[in-house]
Amino acid sequence: MRTSKERGGNKGVPAQEPDNGTPGLMMRREMGLWSAVSFSAGCMIGSGIFMSPQGVLVLMGSPGGSLVVWAVCGLLAMLGALCFAELGALIPESGGEYMYILRTFGSLPGFLVVYVYVLVGRPATIAALSLSFGEYALAPFYPGCPSLPQVAVKSVAASCILLLLVVNLWSSWLATILMNVCTAAKAFSLLVIVVGGAVVLGQGHGRTEVFLSAFQNTTLQAGSISMAFYQGLWSFEGWGSINYVTEELKNPKRNLLWALTIAIPSVTSLYLFVNISYLLVLSPREILSSKAVAVIWGNQILGSWAWLMPLAVALSTFGSVNGVFFGGSRVCFAAAREGHMPHLLSMLHVHRLTPAPALIFTTIVALILIIPGEFSTIVNLLSLLSWITNGTTISSLLYLRIKIRNLPRTYKVPTIIPIIMLLASFYLVLAPIIDHPQMEMLYPFLFLLSGFPVYFLLIYFRCKPRCLQEATLHLQLLFEVAPTMKDC
């Protein structure tokens with residue numbers, strides 16, 4: 001496959017056809033509009049809405065402030081998705097942010113994105129979500145226990161990842177069906193919480209007094225507000241996931257935009273009503289003292305059926321892991337196809353047409369990250385990395401608007417939207433660093449800097465072990481995989 005001017009030449013949106021004319025395998029376009037809506041919503045709805053309300057309320061200091069944060073998070077996700085939809089129409093290739101930055105700014109920035117994304121970003125997200133799945137799956141077996149055995153939690157998390165590896169290896173269609181089923185379960189569990197809050201309010205038992213002084217004690221510190229946004233945006237993480245699988249989407253120039261405009265407003269509305277239900281049923285103190293708000297809510301409202309809530313949340317988180325796993329492996333696959341990862345990772349299974357090597361690689365890294373994983377730390381560090389990447393991606397859209405005006409566009413957002421998103425990205429990255437600097441905030445930047453010598457050594461100067469080609473051949477035969485070509 002042709003790369004994006006590997007030796008640092010021209011920038012722009014180059015041709016995307018194979019360079020040798022040799023036919024290869026292609027992924028099937030099996031994802032229609034409603035599957036795309038389900039995929040987008042399913043990637044967003046995970047553990048965050050069931051765990052992050054506590055973090056947002058702590059950081060904002062008031063119920064009203066926390067609701068504003070949730071609403072603005074939904075707005076930012078929608079604006080960002082509109083920008084990504086335009087980029088997806090201009091560059092109809094799988095890979096999301098990586099592919100857009102690669103085609104716009106060239107090889108080095110693209111490599112740095114995928115270096116962080118493939119080695120840390122997606123695997124760490126999978127690890128964090130699987131750990132949440134482990135906690136909720138085990139909660140019914142440890143009633144009244146404030147702290148679950150970490151060995152058991154991590155064992156369940158690892159089992160979750162391995163099961164999803166088997167599903168995704170077997171069939172992309174099966175993984176999509178699983179996502180649709182889990183998304184339906186997520187929507188149902190959130191609707192149960194919304195309806196439960198409405199019933200409590202209708203019976204006159206709701207804690208309506210909390211809304212009379214909703215904004216009392218709201219913080220005005222920029223650092224605390226930005227960290228509250230990190231916690232809230234964690235629940236919307238995945239708003240651009242459909243861009244990772246563009247080459248598997250039917251009629252992407254139409255369905256990409258429609259999927260995003262249906263999924264994100266729906267999820268935002270559900271999130272707001274769920275938070276209102278939490279506040280109607282639970283006191284702020286109860287919310288602040290719980291790491292599993294949805295479970296405490298279920299214990300008070302559902303009575304003997306309270307066990308359904310951790311089960312529903314576990315299924316919700318399981319589906320979210322599947323979505324991140326599905327999309328993350330496609331970024332690894334796209335990067336390998338461009339020469340930024342080992343060539344083996346760009347191959348498809350000859351019978352199943354699934355990116356088996358990329359799926360296995362993502363699984364191995366995620367399993368390693370489960371060992372030291374801790375939820376709140378992972379959320380904040382991933383959010384920092386995510387918004388650095390999002391800001392760079394949005395700037396690529398502005399760059400293309402200025403430098404290449406004659407690109408054919410089937411869809412175009414008003415220029416003010418990418419400008420707002422770029423300013424929001426700057427704020428979300430810089431505010432916590434300036435307001436409350438911590439040593440752990442340096443880790444993402446140090447890891448990013450470590451990508452420079454790796455790029456020049458392995459990509460620019462092509463210093464690769466001689467045994468790599470032979471190992472690739474043996475693994476290719478073992479996994480029954482073959483090279484691919486693009487369908488875009």
# chains A, B, ... in the order shown; residues from 1 in each chain; ligands from 1
call {"tool": "select_by_dssp", "arguments": {"residues": "region 19-210 of chain A", "states": "alpha helix (DSSP H)", "output": "PyMOL selection string"}}
result
chain A and resi 33-44+48-60+63-90+97-105+107-116+122-138+150-170+172-202+209-210
call {"tool": "residues_around", "arguments": {"residues": "region 355-358 of chain A", "least_positions_apart": "6", "cutoff": "8 Å", "atoms": "only C-alpha atoms", "output": "NGL selection string"}}
result
:A and (169 or 329-330 or 332-333 or 344-349 or 479 or 481)
call {"tool": "closest_residue", "arguments": {"among": "A:Leu260, A:Ala175, A:Leu233, A:Leu76", "to": "Ile419 (chain A)", "atoms": "only C-alpha atoms"}}
result
A:Leu76
call {"tool": "closest_residue", "arguments": {"among": "A:Pro372, A:Ala366, A:Cys463, A:Trp239", "to": "Leu75 (chain A)", "atoms": "only C-alpha atoms"}}
result
A:Trp239
call {"tool": "closest_residue", "arguments": {"among": "A:Val37, A:Ala482, A:Leu256, A:Leu112", "to": "Pro92 (chain A)", "atoms": "only C-alpha atoms"}}
result
A:Leu256
call {"tool": "residues_around", "arguments": {"residues": "region 432-437 of chain A", "least_positions_apart": "2", "cutoff": "8 Å", "atoms": "only C-alpha atoms", "output": "PyMOL selection string"}}
result
chain A and resi 221-224+226-227+428-430+439+441
call {"tool": "residues_around", "arguments": {"residues": "Leu82 (chain A)", "least_positions_apart": "5", "cutoff": "9 Å", "atoms": "only C-alpha atoms", "output": "NGL selection string"}}
result
:A and (77 or 87 or 257 or 260-261 or 412-413 or 417-418)
call {"tool": "write_last_selection", "arguments": {"atoms": "N, CA and C atoms", "output": "mmCIF file, in the first residue's frame"}}
result
data_model
loop_
_atom_site.group_PDB
_atom_site.id
_atom_site.type_symbol
_atom_site.label_atom_id
_atom_site.label_comp_id
_atom_site.auth_asym_id
_atom_site.auth_seq_id
_atom_site.Cartn_x
_atom_site.Cartn_y
_atom_site.Cartn_z
ATOM 1 N N ALA A 77 -19.280 16.564 22.319
ATOM 2 C CA ALA A 77 -19.234 15.318 21.555
ATOM 3 C C ALA A 77 -19.933 15.484 20.210
ATOM 4 N N LEU A 87 -14.477 15.064 7.902
ATOM 5 C CA LEU A 87 -13.195 14.418 7.608
ATOM 6 C C LEU A 87 -13.407 13.009 7.059
ATOM 7 N N LEU A 257 -22.701 10.411 8.779
ATOM 8 C CA LEU A 257 -23.290 11.609 9.379
ATOM 9 C C LEU A 257 -24.598 11.288 10.096
ATOM 10 N N LEU A 260 -24.133 9.506 13.516
ATOM 11 C CA LEU A 260 -23.660 10.392 14.587
ATOM 12 C C LEU A 260 -24.754 11.332 15.063
ATOM 13 N N THR A 261 -25.543 11.881 14.128
ATOM 14 C CA THR A 261 -26.581 12.842 14.521
ATOM 15 C C THR A 261 -27.765 12.168 15.206
ATOM 16 N N LYS A 412 -20.247 19.776 4.845
ATOM 17 C CA LYS A 412 -19.309 20.763 5.386
ATOM 18 C C LYS A 412 -19.927 21.428 6.609
ATOM 19 N N VAL A 413 -19.175 21.438 7.728
ATOM 20 C CA VAL A 413 -19.655 22.106 8.942
ATOM 21 C C VAL A 413 -19.270 23.579 8.901
ATOM 22 N N ILE A 417 -17.525 25.828 14.178
ATOM 23 C CA ILE A 417 -17.588 24.595 14.971
ATOM 24 C C ILE A 417 -16.199 24.007 15.209
ATOM 25 N N PRO A 418 -15.355 23.796 14.168
ATOM 26 C CA PRO A 418 -14.004 23.311 14.466
ATOM 27 C C PRO A 418 -13.178 24.287 15.300
#
